[in-house]
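Data first, discussion second: the structure below is written as structure tokens.
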Amino acid sequence: MGPVDIIILAFIGVAFVAVCVRIYRKGSCADCAEGVCTGHCSSRTRRACPAAKGVDAVARDLGEGVK
Amino acid sequence: MKALGDVQVGDSSTIVKLHGTGALRRHLMDLGLIKGTQFTVVKVAPLGDPIEITVRGYELSIRKEEAAIVEVQ
Amino acid sequence: MAASQLHVALAGNPNCGKTTLFNLITGQNGYVGNWPGVTVEKKEAKLSRDKSVTVTDLPGIYSLSPYSPEERVSRDYLMSGEPDVVIQLLDATNLERNLYLALQVIETGLPVVVALNMADLVEKSGDKIDTAALSKKLGAPVVMVSALRNTGIDELIAAAKRAAATKGSVAEHTFDSAIEDVLSKIEAELPGSVPTNKRRYYAVKLFERDNEAARAINLTKAAAEKVEALIAQCEQDCDDDAESIITGERYAVIAHIMDECVKKAPATMSISEKIDRVVTNRILGLPLFVIIMWAVYSIATSADAFGTAGTDWVNDNLFGEGFELFGMAFPSIPAAIEGFLTSVGASDLVSSLVLDGIVAGVGAVLGFIPQMFVLFVLLAFLEDCGYMARVAFVMDRVFRRFGLSGKSFIPMLVSTGCGVPGVLATKTIENEKDRRMTVMTTTFIPCGAKLPVIALIMGALVGEGEASWIAPLFYFLGVVAVIVSGIMLKKTKLFAGRPTPFVMELPSYHFPSLKSWWLHVWERVSAYIKKAFTIIFASTIVVWFLMNFGVYEGVFGFLPEITGGLEEFTEFSILAMIGRAIGWIFIPLGFDSWETTAMSISGLVAKENLVGIASTILAVGDDTGLSPELWVAFGGLFPTAGAIAAFGAFNLLCAPCFAAMGTIRAQMNSGRWTAIAIGYECAFAWVVGLIINQMYNLIALGQVGIWTFVALAFIAAILFQLFRPMPKWAWDEDIAPAPAAA
């Protein structure tokens, strides 16, 4: 193992840890895992996220055709 | 006696009387199934249960056993 | 007002939007407990904008009869003296039945404010509700609200406060004069302790022979006998029983109110309605849906379409041969990285990690971007143009035929994008049983991330785009799994009950705005790319490590080195050990190699990860998911085509990714129910895989073994559960009266 290997491995290692921390903090499905949906996956406003809106509102929106 | 369950899908009829006593009878009455009420049988699930009827502008699912106490024309 | 606290009772039929309104005005931070003596949930909370107002959510009921615990707690609370005012919520789309309860609540003599929910829906259909006339007829203020849109709420609260300051409402409606005559005679028999504004209520209750009401006011025996004589005489005159007489009178009043206050619009037919005659037709609706979804998934995965053309370009150029741009030759990404690694003199270990691990895995997943793009372009179009609303409408009909609610279909529609919001969207399904069942089954619908898995299975089964009809087949496998599970579960004690009613409004068809269309697609595709560089990236590293390290001849280390260049070094890896420990479960399904087991497990991280890990494991480093090399290598892991199909079915139906499982846990809010949900999904997936593999062996290869009979037994059991009539108790529980107490 040369110094080049160490550098590349360190680089990958940092990225790996960063990803793990991100997943730990924010969950793995884009942002809304662990049941805490921030609505980021759908749009800027939480209101637009189907997860935050619930079935009735989704149905109503489908019915309106306004997005 | 012709019961609600004997009405063919697509046919309409009028309720003549609710037989029996107690909670089930009262519940059906509260839902609007009373003497003189017109209804249409919309569909019958596979094996005849439940039956779906349109009554008073809404759709009501009703079990065959429940339907048996409803006498129709 | 003497008390500083104002108590508001919220009454209404089941599913009239009461829960939505309650959550809206209280902000959900309330007390949840049980009503005294019964297991009926009691919800109480302060108004979020005015802490001096306490709102109590009564159970959803149809009547104030004494027969069910829900009805009893409601009337007991109304008569307890605690509520200062009642908000009576009505579903305006179903006014007739909702007014039945409203009349009874107004009869209690309490101040009542009538809130017309979903009135906007009625107005839209062209019908007109004259609220002023309605208010006059009912003798209570009427306010139009929309709990969903948050309109009319301030007026409602203001009206409730005004009403609370009054002495109470006086029912304006009167029955037939003969009945009124009897009622006033009964009223005269009531003890003097009954206050004026409640005398009418008790007179009607006594007329209905409501013994609980008689007990509540300590009716003397002599008075009771007089009342009974009055009722008996009236019953004889009317040739009907007392309960029927009152119910009939109430509905007669309602019919009169409806005539006076609701103006039906003349029926006209727009272009949308003409289209809908075909699209939502009882016979054509479902086949049309099947054809359209078939087309969507076919186009997204077919070789001729843009989807695969794009993928091929990505494969051939970015990840394959390299490409030319503006006359300059660029090497492909893996080639560039390989070149870089060689030039800096990286060791075999590092090269292997980067190329066979990360680049192969992440690359395989990224290779599907064009297909995901096409899939979401098509799905978003169907949603934005108004077709998906029709699908929900058609599916509601299908679902209800089997005793399921069409409301359960909406989360499934959301789940075609991602299961997490799909599961979370179930939170507003009021019926707890329906909600749990929807959470359990909604992830059967293939989400976007399952498309790469479907494409991989399809490639291995039939090869290059010859038969893109297989991809839609897996989508419909999901839909069928939902329906079959729904029917089976509904016939068990855990989920039995009446389906939640569901009203779907159908918008006019229109061409979606390009901006919202694009946003829709970009949200999904960007989430997919984000996942590739985060979770997929991390798991390829883990899997590469597990696969390249292991114990060989008693030494732990980097296998390619310690095995001395043995070609099958991965057989000694940690991953192989883990895979073999679990793989036996899948023997009857036709795939038990450690590689396939490892892929299934990796699919739990994220479904598209299965393809990334397949690529890493099979070490076809510089190829992506759609390449024939990967198909061939992947197909080689299975003895038969039946086993490949079984593998596909199992992985599409079994437990979803960890993110979705976490969401299920949060939504169920119970470890036991989470276990039931995940357990059911895995068991169902296993059984389907078993049936596919064994039936393939039986029909195509003529092989019969012990598992053939197990599979046949499962088929018989499923058919039995599907077609047996709804068990007797399944409905009783819901409507049945509380057992008559002694």
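Every chain in the structure tokens takes a letter, A first, then B, and so on in the order presented; its residues are numbered from 1, and the ligands are numbered from 1 following the presented order.
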Write out as JSON, numbers by chain all residues of chain B that backbone DSSP assigns to strand (DSSP E or B).
{"B": [2, 3, 12, 13, 14, 15, 16, 17, 18, 38, 39, 40, 41, 42, 43, 44, 51, 52, 53, 54, 55, 58, 59, 60, 61, 62, 70, 71, 72]}
Mind checking DSSP for stretch 442-646 of chain C and telling me the helix (DSSP H, G or I) residues as a ChimeraX atom specification?
/C:442,448-462,470-490,514-548,559-562,569-572,574-589,594-605,609-617,628-635,641-646
Distance limit 7 Å, atoms considered: only C-alpha atoms. Which chain C residues sit that close to chain A? Return them as an NGL selection string.
:C and (148 or 344 or 346-347 or 350 or 383-386 or 388-389 or 410-411 or 420-422 or 424-429 or 504-507 or 516 or 523 or 527 or 530-531 or 534-535 or 538 or 659-660 or 662-663 or 666)
Can you check which parts of chain B lie within 12 Å of chain C? Per residue, the shortest pair of atoms and distance in Å to one decimal, counting only C-alpha atoms, sorted by chain and number, as a tab-separated table.
```
residue	atom	partner	partner_atom	distance
B:Val16	CA	C:Asp240	CA	11.4
B:Lys17	CA	C:Ser244	CA	9.3
B:Leu18	CA	C:Ser244	CA	8.6
B:His19	CA	C:Asp241	CA	10.8
B:Gly20	CA	C:Asp241	CA	11.4
B:Thr21	CA	C:Glu243	CA	10.0
B:Gly22	CA	C:Tyr67	CA	8.1
B:Ala23	CA	C:Pro737	CA	5.4
B:Leu24	CA	C:Ala736	CA	6.8
B:Arg25	CA	C:Ser244	CA	9.5
B:Arg26	CA	C:Glu243	CA	7.5
B:His27	CA	C:Ile735	CA	7.6
B:Leu28	CA	C:Ile735	CA	9.7
B:Met29	CA	C:Thr247	CA	6.6
B:Asp30	CA	C:Ser63	CA	6.2
B:Leu31	CA	C:Arg97	CA	6.7
B:Gly32	CA	C:Arg97	CA	6.9
B:Leu33	CA	C:Gly248	CA	9.3
B:Ile34	CA	C:Gly248	CA	6.5
B:Lys35	CA	C:Gly248	CA	7.4
B:Gly36	CA	C:Gly248	CA	9.0
B:Thr37	CA	C:Gly248	CA	9.5
B:Val42	CA	C:Arg401	CA	10.7
B:Lys43	CA	C:Arg401	CA	8.0
B:Val44	CA	C:Arg401	CA	7.7
B:Ala45	CA	C:Arg401	CA	5.5
B:Pro46	CA	C:Arg401	CA	7.9
B:Leu47	CA	C:Pro725	CA	6.7
B:Gly48	CA	C:Pro725	CA	8.6
B:Asp49	CA	C:Pro725	CA	7.2
B:Pro50	CA	C:Gly403	CA	8.0
B:Ile51	CA	C:Arg401	CA	9.2
B:Glu52	CA	C:Arg401	CA	8.7
B:Thr54	CA	C:Asn94	CA	11.8
B:Val55	CA	C:Arg97	CA	9.6
B:Arg56	CA	C:Glu96	CA	6.5
B:Gly57	CA	C:Asn94	CA	6.9
B:Tyr58	CA	C:Asn94	CA	6.5
B:Glu59	CA	C:Pro501	CA	8.8
B:Leu60	CA	C:Pro501	CA	9.2
B:Ser61	CA	C:Arg498	CA	8.0
B:Ile62	CA	C:Arg498	CA	9.3
B:Arg63	CA	C:Trp731	CA	7.8
B:Lys64	CA	C:Lys728	CA	10.5
B:Glu65	CA	C:Lys728	CA	9.1
B:Glu66	CA	C:Asp732	CA	9.6
```
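Computed from the coordinates, the atom CA of C:Leu637 to atom CA of C:Val543 distance equals 18.0 Å.
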